[in-house]
file coords_21.pdb (PDB, C-alpha atoms)
MODEL        1
ATOM      1  CA  MET A   1     -26.387 -25.000 102.049
ATOM      2  CA  SER A   2     -27.513 -27.972 100.007
ATOM      3  CA  SER A   3     -29.305 -25.608  97.619
ATOM      4  CA  VAL A   4     -26.121 -23.586  97.179
ATOM      5  CA  ALA A   5     -24.174 -26.750  96.436
ATOM      6  CA  SER A   6     -26.793 -27.917  93.969
ATOM      7  CA  SER A   7     -26.806 -24.559  92.178
ATOM      8  CA  ARG A   8     -23.043 -24.724  91.842
ATOM      9  CA  ALA A   9     -23.325 -28.250  90.522
ATOM     10  CA  ASP A  10     -25.864 -27.052  87.961
ATOM     11  CA  GLN A  11     -23.369 -24.443  86.751
ATOM     12  CA  ARG A  12     -20.567 -26.985  86.385
ATOM     13  CA  PRO A  13     -20.322 -27.946  82.697
ATOM     14  CA  SER A  14     -20.953 -31.584  81.976
ATOM     15  CA  ARG A  15     -18.482 -33.720  80.084
ATOM     16  CA  ALA A  16     -20.860 -34.055  77.133
ATOM     17  CA  LEU A  17     -21.298 -30.276  76.960
ATOM     18  CA  ARG A  18     -17.543 -29.758  77.022
ATOM     19  CA  ARG A  19     -17.086 -32.257  74.192
ATOM     20  CA  ALA A  20     -19.811 -30.606  72.100
ATOM     21  CA  ALA A  21     -18.354 -27.160  72.685
ATOM     22  CA  ALA A  22     -14.876 -28.361  71.770
ATOM     23  CA  ALA A  23     -16.224 -29.783  68.509
ATOM     24  CA  GLU A  24     -17.663 -26.344  67.692
ATOM     25  CA  GLY A  25     -14.450 -24.556  68.623
ATOM     26  CA  ARG A  26     -15.923 -22.906  71.715
ATOM     27  CA  VAL A  27     -14.900 -22.802  75.362
ATOM     28  CA  VAL A  28     -17.086 -23.674  78.352
ATOM     29  CA  ARG A  29     -16.672 -21.479  81.404
ATOM     30  CA  ARG A  30     -18.173 -21.801  84.843
ATOM     31  CA  GLY A  31     -21.115 -19.595  85.725
ATOM     32  CA  PRO A  32     -24.566 -19.084  84.244
ATOM     33  CA  ALA A  33     -25.079 -17.613  80.824
ATOM     34  CA  GLN A  34     -27.511 -14.793  80.092
ATOM     35  CA  ALA A  35     -31.036 -15.846  79.194
ATOM     36  CA  PRO A  36     -32.815 -14.338  76.167
ATOM     37  CA  PRO A  37     -34.772 -11.144  76.963
ATOM     38  CA  GLU A  38     -38.140 -12.756  76.173
ATOM     39  CA  LEU A  39     -37.422 -15.568  78.656
ATOM     40  CA  VAL A  40     -36.453 -13.055  81.348
ATOM     41  CA  SER A  41     -39.676 -11.113  80.815
ATOM     42  CA  ARG A  42     -41.807 -14.264  80.924
ATOM     43  CA  ARG A  43     -40.210 -15.395  84.177
ATOM     44  CA  LEU A  44     -40.718 -12.048  85.887
ATOM     45  CA  ARG A  45     -44.412 -12.002  84.902
ATOM     46  CA  SER A  46     -44.986 -15.481  86.330
ATOM     47  CA  ARG A  47     -46.196 -15.393  89.950
ATOM     48  CA  THR A  48     -45.363 -19.055  90.362
ATOM     49  CA  TRP A  49     -41.776 -18.497  89.277
ATOM     50  CA  ARG A  50     -41.411 -15.427  91.520
ATOM     51  CA  ALA A  51     -42.758 -17.301  94.535
ATOM     52  CA  ALA A  52     -40.559 -20.329  93.878
ATOM     53  CA  ASN A  53     -37.444 -18.149  93.678
ATOM     54  CA  SER A  54     -38.282 -16.048  96.744
ATOM     55  CA  TRP A  55     -37.764 -18.970  99.126
ATOM     56  CA  TRP A  56     -34.636 -17.344 100.484
ATOM     57  CA  LEU A  57     -36.791 -14.803 102.399
ATOM     58  CA  ALA A  58     -37.327 -17.551 104.968
ATOM     59  CA  ILE A  59     -33.659 -17.243 105.962
ATOM     60  CA  PRO A  60     -33.846 -13.653 107.331
ATOM     61  CA  ALA A  61     -37.281 -14.451 108.773
ATOM     62  CA  LEU A  62     -35.561 -17.115 110.884
ATOM     63  CA  GLY A  63     -33.106 -14.513 112.191
ATOM     64  CA  LEU A  64     -30.217 -15.125 109.786
ATOM     65  CA  PRO A  65     -30.166 -12.094 107.465
ATOM     66  CA  TRP A  66     -26.398 -12.304 107.159
ATOM     67  CA  LEU A  67     -26.667 -15.786 105.645
ATOM     68  CA  ALA A  68     -29.325 -14.655 103.167
ATOM     69  CA  PHE A  69     -27.315 -11.679 101.925
ATOM     70  CA  LEU A  70     -24.138 -13.716 101.797
ATOM     71  CA  TYR A  71     -25.887 -16.237  99.543
ATOM     72  CA  MET A  72     -27.327 -13.531  97.273
ATOM     73  CA  GLY A  73     -24.110 -11.548  97.140
ATOM     74  CA  LEU A  74     -22.020 -14.530  96.118
ATOM     75  CA  ARG A  75     -24.588 -15.948  93.702
ATOM     76  CA  GLY A  76     -25.484 -12.605  92.133
ATOM     77  CA  ARG A  77     -21.939 -11.208  92.329
ATOM     78  CA  ARG A  78     -23.039  -8.135  94.284
ATOM     79  CA  PRO A  79     -20.282  -6.894  96.637
ATOM     80  CA  ARG A  80     -22.748  -4.588  98.434
ATOM     81  CA  TRP A  81     -24.816  -7.545  99.559
ATOM     82  CA  VAL A  82     -21.709  -9.317 100.813
ATOM     83  CA  LEU A  83     -20.818  -6.219 102.846
ATOM     84  CA  ALA A  84     -24.372  -6.106 104.201
ATOM     85  CA  ALA A  85     -24.012  -9.747 105.224
ATOM     86  CA  LEU A  86     -20.864  -8.897 107.167
ATOM     87  CA  GLY A  87     -22.669  -5.994 108.859
ATOM     88  CA  TYR A  88     -25.594  -8.179 109.906
ATOM     89  CA  LEU A  89     -23.196 -10.849 111.131
ATOM     90  CA  VAL A  90     -21.368  -8.333 113.334
ATOM     91  CA  ALA A  91     -24.659  -6.967 114.666
ATOM     92  CA  MET A  92     -25.980 -10.441 115.471
ATOM     93  CA  GLY A  93     -22.703 -11.251 117.157
ATOM     94  CA  GLY A  94     -23.017  -8.103 119.265
ATOM     95  CA  ALA A  95     -26.571  -9.027 120.237
ATOM     96  CA  ALA A  96     -25.500 -12.531 121.219
ATOM     97  CA  THR A  97     -22.629 -11.103 123.254
ATOM     98  CA  GLY A  98     -24.973  -8.721 125.098
ATOM     99  CA  LEU A  99     -27.415 -11.504 125.915
ATOM    100  CA  GLY A 100     -24.588 -13.734 127.061
ATOM    101  CA  LEU A 101     -23.214 -11.065 129.367
ATOM    102  CA  GLY A 102     -26.695 -10.361 130.737
ATOM    103  CA  LEU A 103     -27.225 -13.995 131.578
ATOM    104  CA  GLY A 104     -23.756 -14.628 132.943
ATOM    105  CA  LEU A 105     -22.908 -11.549 135.008
ATOM    106  CA  ALA A 106     -23.858 -11.059 138.642
ATOM    107  CA  THR A 107     -22.875  -7.412 139.061
ATOM    108  CA  GLY A 108     -26.293  -5.798 138.971
ATOM    109  CA  HIS A 109     -26.040  -4.847 135.284
ATOM    110  CA  GLU A 110     -27.595  -8.032 134.005
ATOM    111  CA  LEU A 111     -30.832  -6.318 133.042
ATOM    112  CA  LEU A 112     -29.016  -3.611 131.080
ATOM    113  CA  PHE A 113     -27.083  -6.128 128.981
ATOM    114  CA  LEU A 114     -30.204  -8.217 128.437
ATOM    115  CA  VAL A 115     -32.153  -5.188 127.225
ATOM    116  CA  LEU A 116     -29.333  -3.969 124.969
ATOM    117  CA  GLY A 117     -28.764  -7.433 123.524
ATOM    118  CA  SER A 118     -32.472  -7.968 122.933
ATOM    119  CA  LEU A 119     -32.911  -4.563 121.289
ATOM    120  CA  LEU A 120     -29.876  -5.076 119.062
ATOM    121  CA  GLY A 121     -31.016  -8.563 118.085
ATOM    122  CA  ALA A 122     -34.595  -7.507 117.387
ATOM    123  CA  GLY A 123     -33.462  -4.442 115.451
ATOM    124  CA  THR A 124     -31.040  -6.482 113.363
ATOM    125  CA  TRP A 125     -33.722  -9.075 112.658
ATOM    126  CA  GLY A 126     -36.308  -6.454 111.654
ATOM    127  CA  LEU A 127     -33.885  -4.422 109.563
ATOM    128  CA  GLY A 128     -32.581  -7.538 107.851
ATOM    129  CA  LEU A 129     -36.100  -8.739 107.048
ATOM    130  CA  VAL A 130     -37.155  -5.376 105.586
ATOM    131  CA  HIS A 131     -33.895  -5.117 103.671
ATOM    132  CA  SER A 132     -34.414  -8.618 102.271
ATOM    133  CA  ILE A 133     -37.942  -7.842 101.092
ATOM    134  CA  MET A 134     -36.705  -4.676  99.371
ATOM    135  CA  ALA A 135     -33.792  -6.507  97.731
ATOM    136  CA  ASN A 136     -35.943  -9.397  96.522
ATOM    137  CA  SER A 137     -37.062  -7.603  93.342
ATOM    138  CA  THR A 138     -33.439  -6.988  92.344
ATOM    139  CA  TRP A 139     -32.561 -10.571  93.171
ATOM    140  CA  LEU A 140     -35.414 -11.882  91.027
ATOM    141  CA  ARG A 141     -34.237  -9.822  88.048
ATOM    142  CA  ILE A 142     -30.757 -11.262  88.462
ATOM    143  CA  LYS A 143     -32.087 -14.790  88.870
ATOM    144  CA  ALA A 144     -34.361 -14.423  85.832
ATOM    145  CA  ALA A 145     -31.348 -13.661  83.653
ATOM    146  CA  PHE A 146     -29.744 -17.002  84.528
ATOM    147  CA  THR A 147     -30.312 -19.732  81.962
ATOM    148  CA  GLY A 148     -29.106 -22.466  84.256
ATOM    149  CA  GLU A 149     -26.659 -23.637  81.590
ATOM    150  CA  PRO A 150     -22.920 -23.009  81.546
ATOM    151  CA  ALA A 151     -21.914 -20.180  79.265
ATOM    152  CA  LEU A 152     -20.153 -20.871  75.999
ATOM    153  CA  GLU A 153     -17.510 -18.492  74.820
ATOM    154  CA  ALA A 154     -15.540 -18.264  71.630
ATOM    155  CA  PRO A 155     -11.916 -19.270  72.137
ATOM    156  CA  THR A 156      -9.590 -16.385  72.666
ATOM    157  CA  THR A 157      -6.800 -16.407  70.140
ATOM    158  CA  PRO A 158      -3.485 -15.145  71.465
ATOM    159  CA  ALA A 159      -2.202 -11.994  69.871
ATOM    160  CA  VAL A 160       0.370 -12.717  67.226
ATOM    161  CA  PRO A 161       3.347 -10.377  67.516
ATOM    162  CA  PRO A 162       4.045  -8.475  64.322
ATOM    163  CA  ALA A 163       6.800  -9.851  62.182
ATOM    164  CA  PRO A 164      10.032  -7.867  62.361
ATOM    165  CA  ALA A 165      10.430  -5.368  59.559
ATOM    166  CA  ASP A 166      12.637  -6.482  56.676
ATOM    167  CA  PRO A 167      15.427  -3.896  56.304
ATOM    168  CA  VAL A 168      16.036  -4.822  52.659
ATOM    169  CA  SER A 169      12.408  -4.217  51.674
ATOM    170  CA  GLY A 170      12.624  -0.842  53.389
ATOM    171  CA  LEU A 171      15.690   0.004  51.329
ATOM    172  CA  GLN A 172      13.911  -1.052  48.148
ATOM    173  CA  GLU A 173      11.049   1.312  48.904
ATOM    174  CA  ALA A 174      13.481   4.107  49.819
ATOM    175  CA  LEU A 175      15.275   3.653  46.485
ATOM    176  CA  ARG A 176      11.977   3.872  44.602
ATOM    177  CA  GLU A 177      11.137   7.067  46.475
ATOM    178  CA  VAL A 178      14.477   8.655  45.525
ATOM    179  CA  VAL A 179      13.850   7.848  41.859
ATOM    180  CA  ARG A 180      10.349   9.327  42.107
ATOM    181  CA  THR A 181      11.827  12.489  43.615
ATOM    182  CA  ALA A 182      14.348  12.794  40.772
ATOM    183  CA  ASN A 183      11.646  12.294  38.153
ATOM    184  CA  ARG A 184       9.326  14.763  39.860
ATOM    185  CA  HIS A 185      11.979  17.503  39.949
ATOM    186  CA  GLY A 186      13.603  16.654  36.630
ATOM    187  CA  GLY A 187      13.060  20.199  35.360
ATOM    188  CA  ARG A 188      15.048  21.631  38.283
ATOM    189  CA  LEU A 189      17.912  19.177  38.131
ATOM    190  CA  PRO A 190      20.896  19.723  35.810
ATOM    191  CA  ASP A 191      21.483  17.670  32.685
ATOM    192  CA  GLY A 192      22.794  14.235  33.525
ATOM    193  CA  ALA A 193      21.391  14.166  37.069
ATOM    194  CA  VAL A 194      18.249  12.115  36.416
ATOM    195  CA  PRO A 195      20.069   9.561  34.202
ATOM    196  CA  ALA A 196      22.698   9.155  36.924
ATOM    197  CA  VAL A 197      20.010   8.491  39.537
ATOM    198  CA  ARG A 198      18.472   5.885  37.261
ATOM    199  CA  GLU A 199      21.872   4.264  36.747
ATOM    200  CA  VAL A 200      22.201   3.931  40.508
ATOM    201  CA  GLU A 201      18.761   2.336  40.581
ATOM    202  CA  ASP A 202      19.691  -0.056  37.759
ATOM    203  CA  VAL A 203      22.645  -1.272  39.819
ATOM    204  CA  LEU A 204      21.103  -1.338  43.290
ATOM    205  CA  ARG A 205      17.646  -2.701  42.455
ATOM    206  CA  PRO A 206      18.875  -6.172  41.383
ATOM    207  CA  LEU A 207      21.547  -6.065  44.077
ATOM    208  CA  LEU A 208      18.921  -5.495  46.778
ATOM    209  CA  ALA A 209      16.815  -8.327  45.372
ATOM    210  CA  HIS A 210      19.870 -10.610  45.434
ATOM    211  CA  VAL A 211      20.700  -9.665  49.021
ATOM    212  CA  ALA A 212      17.074 -10.156  50.064
ATOM    213  CA  ARG A 213      17.090 -13.706  48.689
ATOM    214  CA  ARG A 214      20.241 -14.896  50.419
ATOM    215  CA  GLY A 215      20.187 -12.615  53.455
ATOM    216  CA  ALA A 216      22.126  -9.414  53.990
ATOM    217  CA  GLU A 217      25.334  -9.315  55.972
ATOM    218  CA  VAL A 218      25.979  -6.455  58.362
ATOM    219  CA  GLU A 219      28.613  -4.646  56.302
ATOM    220  CA  GLU A 220      26.634  -5.018  53.083
ATOM    221  CA  LEU A 221      23.499  -3.679  54.722
ATOM    222  CA  HIS A 222      25.414  -0.733  56.176
ATOM    223  CA  ASN A 223      26.841   0.263  52.783
ATOM    224  CA  LEU A 224      23.482  -0.108  51.053
ATOM    225  CA  GLU A 225      21.752   1.991  53.700
ATOM    226  CA  ALA A 226      24.391   4.699  53.375
ATOM    227  CA  ILE A 227      23.870   5.044  49.614
ATOM    228  CA  VAL A 228      20.080   4.654  49.504
ATOM    229  CA  THR A 229      19.023   6.586  52.598
ATOM    230  CA  GLU A 230      21.820   9.133  53.053
ATOM    231  CA  TYR A 231      24.154   9.929  50.149
ATOM    232  CA  LEU A 232      21.751   9.738  47.192
ATOM    233  CA  PRO A 233      18.702  11.513  48.675
ATOM    234  CA  GLY A 234      20.951  13.951  50.546
ATOM    235  CA  ALA A 235      22.637  15.143  47.350
ATOM    236  CA  LEU A 236      19.286  15.764  45.665
ATOM    237  CA  GLU A 237      17.757  17.506  48.676
ATOM    238  CA  HIS A 238      20.722  19.832  49.190
ATOM    239  CA  TYR A 239      20.660  20.849  45.539
ATOM    240  CA  LEU A 240      16.892  21.387  45.436
ATOM    241  CA  ASP A 241      17.145  23.648  48.496
ATOM    242  CA  LEU A 242      19.169  26.147  46.446
ATOM    243  CA  PRO A 243      17.581  28.852  44.265
ATOM    244  CA  PRO A 244      17.705  27.824  40.581
ATOM    245  CA  ASP A 245      19.852  30.781  39.447
ATOM    246  CA  TYR A 246      22.320  30.297  42.269
ATOM    247  CA  ALA A 247      22.600  26.558  41.616
ATOM    248  CA  GLU A 248      23.367  27.089  37.933
ATOM    249  CA  THR A 249      25.676  30.136  37.995
ATOM    250  CA  HIS A 250      27.396  30.426  41.367
ATOM    251  CA  ARG A 251      30.955  29.147  41.545
ATOM    252  CA  LEU A 252      32.053  27.167  44.573
ATOM    253  CA  PRO A 253      35.652  27.289  45.918
ATOM    254  CA  SER A 254      36.334  24.214  43.809
ATOM    255  CA  GLY A 255      35.479  26.223  40.692
ATOM    256  CA  LEU A 256      32.347  24.171  39.992
ATOM    257  CA  THR A 257      28.754  25.305  40.103
ATOM    258  CA  PRO A 258      26.349  23.463  42.441
ATOM    259  CA  ALA A 259      24.799  21.873  39.344
ATOM    260  CA  GLU A 260      28.166  20.517  38.217
ATOM    261  CA  GLU A 261      28.965  19.407  41.763
ATOM    262  CA  LEU A 262      25.689  17.469  41.944
ATOM    263  CA  VAL A 263      26.390  15.641  38.687
ATOM    264  CA  ASN A 264      29.904  14.769  39.888
ATOM    265  CA  GLN A 265      28.556  13.383  43.171
ATOM    266  CA  LEU A 266      25.931  11.340  41.361
ATOM    267  CA  ARG A 267      28.593   9.879  39.050
ATOM    268  CA  LEU A 268      30.626   8.947  42.126
ATOM    269  CA  LEU A 269      27.555   7.216  43.552
ATOM    270  CA  VAL A 270      27.131   5.295  40.299
ATOM    271  CA  ASP A 271      30.731   4.099  40.526
ATOM    272  CA  GLY A 272      30.347   3.337  44.232
ATOM    273  CA  SER A 273      27.195   1.313  43.592
ATOM    274  CA  ARG A 274      28.980  -0.754  40.967
ATOM    275  CA  ASP A 275      31.931  -1.302  43.300
ATOM    276  CA  LEU A 276      29.529  -2.450  46.011
ATOM    277  CA  GLN A 277      27.792  -4.785  43.576
ATOM    278  CA  ARG A 278      31.131  -6.261  42.550
ATOM    279  CA  ALA A 279      32.197  -6.686  46.182
ATOM    280  CA  VAL A 280      28.985  -8.538  47.054
ATOM    281  CA  HIS A 281      29.337 -10.911  44.122
ATOM    282  CA  ASP A 282      33.059 -11.397  44.804
ATOM    283  CA  HIS A 283      32.212 -12.295  48.386
ATOM    284  CA  ASP A 284      29.664 -14.866  47.215
ATOM    285  CA  ALA A 285      32.169 -16.278  44.743
ATOM    286  CA  GLN A 286      34.797 -16.464  47.475
ATOM    287  CA  LYS A 287      32.442 -18.482  49.668
ATOM    288  CA  LEU A 288      31.848 -20.814  46.746
ATOM    289  CA  SER A 289      35.601 -21.145  46.227
ATOM    290  CA  VAL A 290      36.156 -21.912  49.905
ATOM    291  CA  GLN A 291      33.526 -24.625  49.755
ATOM    292  CA  GLY A 292      35.139 -26.009  46.604
ATOM    293  CA  ARG A 293      38.519 -26.297  48.318
ATOM    294  CA  PHE A 294      36.861 -27.988  51.282
ATOM    295  CA  LEU A 295      35.120 -30.505  49.053
ATOM    296  CA  ASP A 296      38.312 -31.115  47.128
ATOM    297  CA  ALA A 297      40.202 -31.797  50.336
ATOM    298  CA  LYS A 298      37.497 -34.041  51.747
ATOM    299  CA  PHE A 299      36.452 -36.019  48.694
ATOM    300  CA  ARG A 300      39.497 -36.051  46.467
ATOM    301  CA  ARG A 301      40.042 -39.392  44.802
ATOM    302  CA  SER A 302      43.105 -40.375  46.853
ATOM    303  CA  ASP A 303      40.976 -40.280  50.018
ATOM    304  CA  LEU A 304      38.328 -42.481  48.443
ATOM    305  CA  ASP A 305      40.714 -45.171  47.254
ATOM    306  CA  LEU A 306      40.300 -48.440  49.126
TER
ENDMDL
END
call {"tool": "encode", "arguments": {"input": "coords_21.pdb", "output": "structure tokens"}}
result
Amino acid sequence: MSSVASSRADQRPSRALRRAAAAEGRVVRRGPAQAPPELVSRRLRSRTWRAANSWWLAIPALGLPWLAFLYMGLRGRRPRWVLAALGYLVAMGGAATGLGLGLGLATGHELLFLVLGSLLGAGTWGLGLVHSIMANSTWLRIKAAFTGEPALEAPTTPAVPPAPADPVSGLQEALREVVRTANRHGGRLPDGAVPAVREVEDVLRPLLAHVARRGAEVEELHNLEAIVTEYLPGALEHYLDLPPDYAETHRLPSGLTPAEELVNQLRLLVDGSRDLQRAVHDHDAQKLSVQGRFLDAKFRRSDLDL
């Protein structure tokens, strides 16, 4: 048990090591680090090293295979060896129980319990010793990979959640895409359609930049989204879905052709964009006026007179 305690103490990082690792931006964790492959190979070829690290075989030889496998399973992090330790412990307990009953009973079955207990104990001892000898090579490979120094790990940086998407920047990109669509299909669109789309862009592009600087209010953002993502691209898409001859010659119930209807809708969007621009600036001016009245009421000269 003292050897187990000393091995755990060897794995505990010293204060100096923790300070040095902190200076390098690394983290010290408990447990041995992996040795370099050349060191592992040199250890396994050394008979002296193999003999010095096979001392644990004395434990099952003394009749305690469960203790040996418990030590190896915990040190080498092998659950199978821990389970084997539990099995040997149960078997040794059964052997001790049989011997105890054989020595304590006076019913005529003492010899039977003594024989069963002795056979179970001897079998457990022999099986544990053979099992230990077979497992020693695996244990030595595990032990050879230990450097005896605490492992150093790079600090784990917490994941930074992505910044929420800016709705105004999305509208700016959507407006650019609508203009690209109009330019790309300029030959299909009627006269006056592409200039109207560009007029809408000339109004909304600086308006979106202004709103992005000071922050968009809910109603403003709703109106901008309606024009940029619904009304303007929708008018172009519906027109481009029509056959060219039909769009230019067919008369709608209103008496207009689809081409004329598209130009009318685009002109309405130009006027609506200008109205929205005016409303945004009027709102900003109103806030400035409200602040001016507040300042006038708070700092007018009559209030400052002594």
call {"tool": "atom_distance", "arguments": {"input": "coords_21.pdb", "atom1": "atom CA of Leu57 of chain A", "atom2": "atom CA of Arg45 of chain A"}}
result
19.3 Å
call {"tool": "resolve_selection", "arguments": {"input": "coords_21.pdb", "expression": "the PyMOL selection byres ((chain A and resi 262-277) around 7)", "output": "list of chain:residue names"}}
result
A:Gly192, A:Ala193, A:Ala196, A:Val197, A:Glu199, A:Val200, A:Val203, A:Leu204, A:Leu207, A:Ala235, A:Pro258, A:Ala259, A:Glu260, A:Glu261, A:Arg278, A:Ala279, A:Val280, A:His281
call {"tool": "write_last_selection", "arguments": {"input": "coords_21.pdb", "atoms": "C-alpha atoms", "output": "PDB file, in the coordinates of the input"}}
result
ATOM      1  CA  GLY A 192      22.794  14.235  33.525  1.00  0.00           C
ATOM      2  CA  ALA A 193      21.391  14.166  37.069  1.00  0.00           C
ATOM      3  CA  ALA A 196      22.698   9.155  36.924  1.00  0.00           C
ATOM      4  CA  VAL A 197      20.010   8.491  39.537  1.00  0.00           C
ATOM      5  CA  GLU A 199      21.872   4.264  36.747  1.00  0.00           C
ATOM      6  CA  VAL A 200      22.201   3.931  40.508  1.00  0.00           C
ATOM      7  CA  VAL A 203      22.645  -1.272  39.819  1.00  0.00           C
ATOM      8  CA  LEU A 204      21.103  -1.338  43.290  1.00  0.00           C
ATOM      9  CA  LEU A 207      21.547  -6.065  44.077  1.00  0.00           C
ATOM     10  CA  ALA A 235      22.637  15.143  47.350  1.00  0.00           C
ATOM     11  CA  PRO A 258      26.349  23.463  42.441  1.00  0.00           C
ATOM     12  CA  ALA A 259      24.799  21.873  39.344  1.00  0.00           C
ATOM     13  CA  GLU A 260      28.166  20.517  38.217  1.00  0.00           C
ATOM     14  CA  GLU A 261      28.965  19.407  41.763  1.00  0.00           C
ATOM     15  CA  ARG A 278      31.131  -6.261  42.550  1.00  0.00           C
ATOM     16  CA  ALA A 279      32.197  -6.686  46.182  1.00  0.00           C
ATOM     17  CA  VAL A 280      28.985  -8.538  47.054  1.00  0.00           C
ATOM     18  CA  HIS A 281      29.337 -10.911  44.122  1.00  0.00           C
TER      19      HIS A 281
END
call {"tool": "resolve_selection", "arguments": {"input": "coords_21.pdb", "expression": "the PyMOL selection byres ((chain A and resi 171) around 12)", "output": "PyMOL selection string"}}
result
chain A and resi 165-170+172-178+201+204-205+207-209+211-212+216+221-230
call {"tool": "closest_residue", "arguments": {"input": "coords_21.pdb", "among": "A:Ala144, A:Leu256, A:Tyr88, A:Leu74", "to": "Ala52 of chain A", "atoms": "only C-alpha atoms"}}
result
A:Ala144
call {"tool": "closest_residue", "arguments": {"input": "coords_21.pdb", "among": "A:Ser46, A:His238, A:Trp55, A:Pro65", "to": "Val130 of chain A", "atoms": "all atoms listed in the file"}}
result
A:Pro65
call {"tool": "atom_distance", "arguments": {"input": "coords_21.pdb", "atom1": "atom CA of Leu120 of chain A", "atom2": "atom CA of Leu86 of chain A"}}
result
15.4 Å
call {"tool": "atom_distance", "arguments": {"input": "coords_21.pdb", "atom1": "atom CA of Val179 of chain A", "atom2": "atom CA of Pro243 of chain A"}}
result
21.5 Å
call {"tool": "closest_residue", "arguments": {"input": "coords_21.pdb", "among": "A:Leu64, A:Ala51, A:Leu112, A:Met72", "to": "Gly93 of chain A", "atoms": "all atoms listed in the file"}}
result
A:Leu64
call {"tool": "build_atoms", "arguments": {"input": "coords_21.pdb", "residues": "segment 114-126 of chain A", "atoms": "N, CA, C and O atoms", "output": "short mmCIF file (atom, residue, chain, number, x, y, z; two decimals), in the coordinates of the input"}}
result
data_model
loop_
_atom_site.label_atom_id
_atom_site.label_comp_id
_atom_site.auth_asym_id
_atom_site.auth_seq_id
_atom_site.Cartn_x
_atom_site.Cartn_y
_atom_site.Cartn_z
N LEU A 114 -29.12 -7.47 129.07
CA LEU A 114 -30.20 -8.22 128.44
C LEU A 114 -31.05 -7.33 127.53
O LEU A 114 -31.43 -7.71 126.42
N VAL A 115 -31.34 -6.11 128.02
CA VAL A 115 -32.15 -5.19 127.22
C VAL A 115 -31.40 -4.76 125.96
O VAL A 115 -31.95 -4.76 124.85
N LEU A 116 -30.11 -4.40 126.13
CA LEU A 116 -29.33 -3.97 124.97
C LEU A 116 -29.18 -5.10 123.95
O LEU A 116 -29.31 -4.89 122.74
N GLY A 117 -28.90 -6.30 124.44
CA GLY A 117 -28.76 -7.43 123.52
C GLY A 117 -30.06 -7.75 122.81
O GLY A 117 -30.07 -8.05 121.61
N SER A 118 -31.18 -7.67 123.56
CA SER A 118 -32.47 -7.97 122.93
C SER A 118 -32.83 -6.91 121.89
O SER A 118 -33.32 -7.23 120.80
N LEU A 119 -32.60 -5.63 122.24
CA LEU A 119 -32.91 -4.56 121.29
C LEU A 119 -32.04 -4.68 120.03
O LEU A 119 -32.54 -4.50 118.90
N LEU A 120 -30.76 -4.96 120.22
CA LEU A 120 -29.88 -5.08 119.06
C LEU A 120 -30.27 -6.28 118.20
O LEU A 120 -30.30 -6.19 116.97
N GLY A 121 -30.61 -7.39 118.85
CA GLY A 121 -31.02 -8.56 118.08
C GLY A 121 -32.32 -8.35 117.34
O GLY A 121 -32.45 -8.71 116.16
N ALA A 122 -33.30 -7.74 118.04
CA ALA A 122 -34.60 -7.51 117.39
C ALA A 122 -34.46 -6.49 116.26
O ALA A 122 -35.06 -6.64 115.18
N GLY A 123 -33.65 -5.44 116.50
CA GLY A 123 -33.46 -4.44 115.45
C GLY A 123 -32.76 -5.02 114.24
O GLY A 123 -33.12 -4.73 113.09
N THR A 124 -31.75 -5.85 114.49
CA THR A 124 -31.04 -6.48 113.36
C THR A 124 -31.97 -7.41 112.60
O THR A 124 -31.96 -7.44 111.36
N TRP A 125 -32.78 -8.16 113.33
CA TRP A 125 -33.72 -9.07 112.66
C TRP A 125 -34.73 -8.30 111.81
O TRP A 125 -34.97 -8.63 110.65
N GLY A 126 -35.31 -7.23 112.40
CA GLY A 126 -36.31 -6.45 111.65
C GLY A 126 -35.70 -5.74 110.46
O GLY A 126 -36.27 -5.74 109.36
#
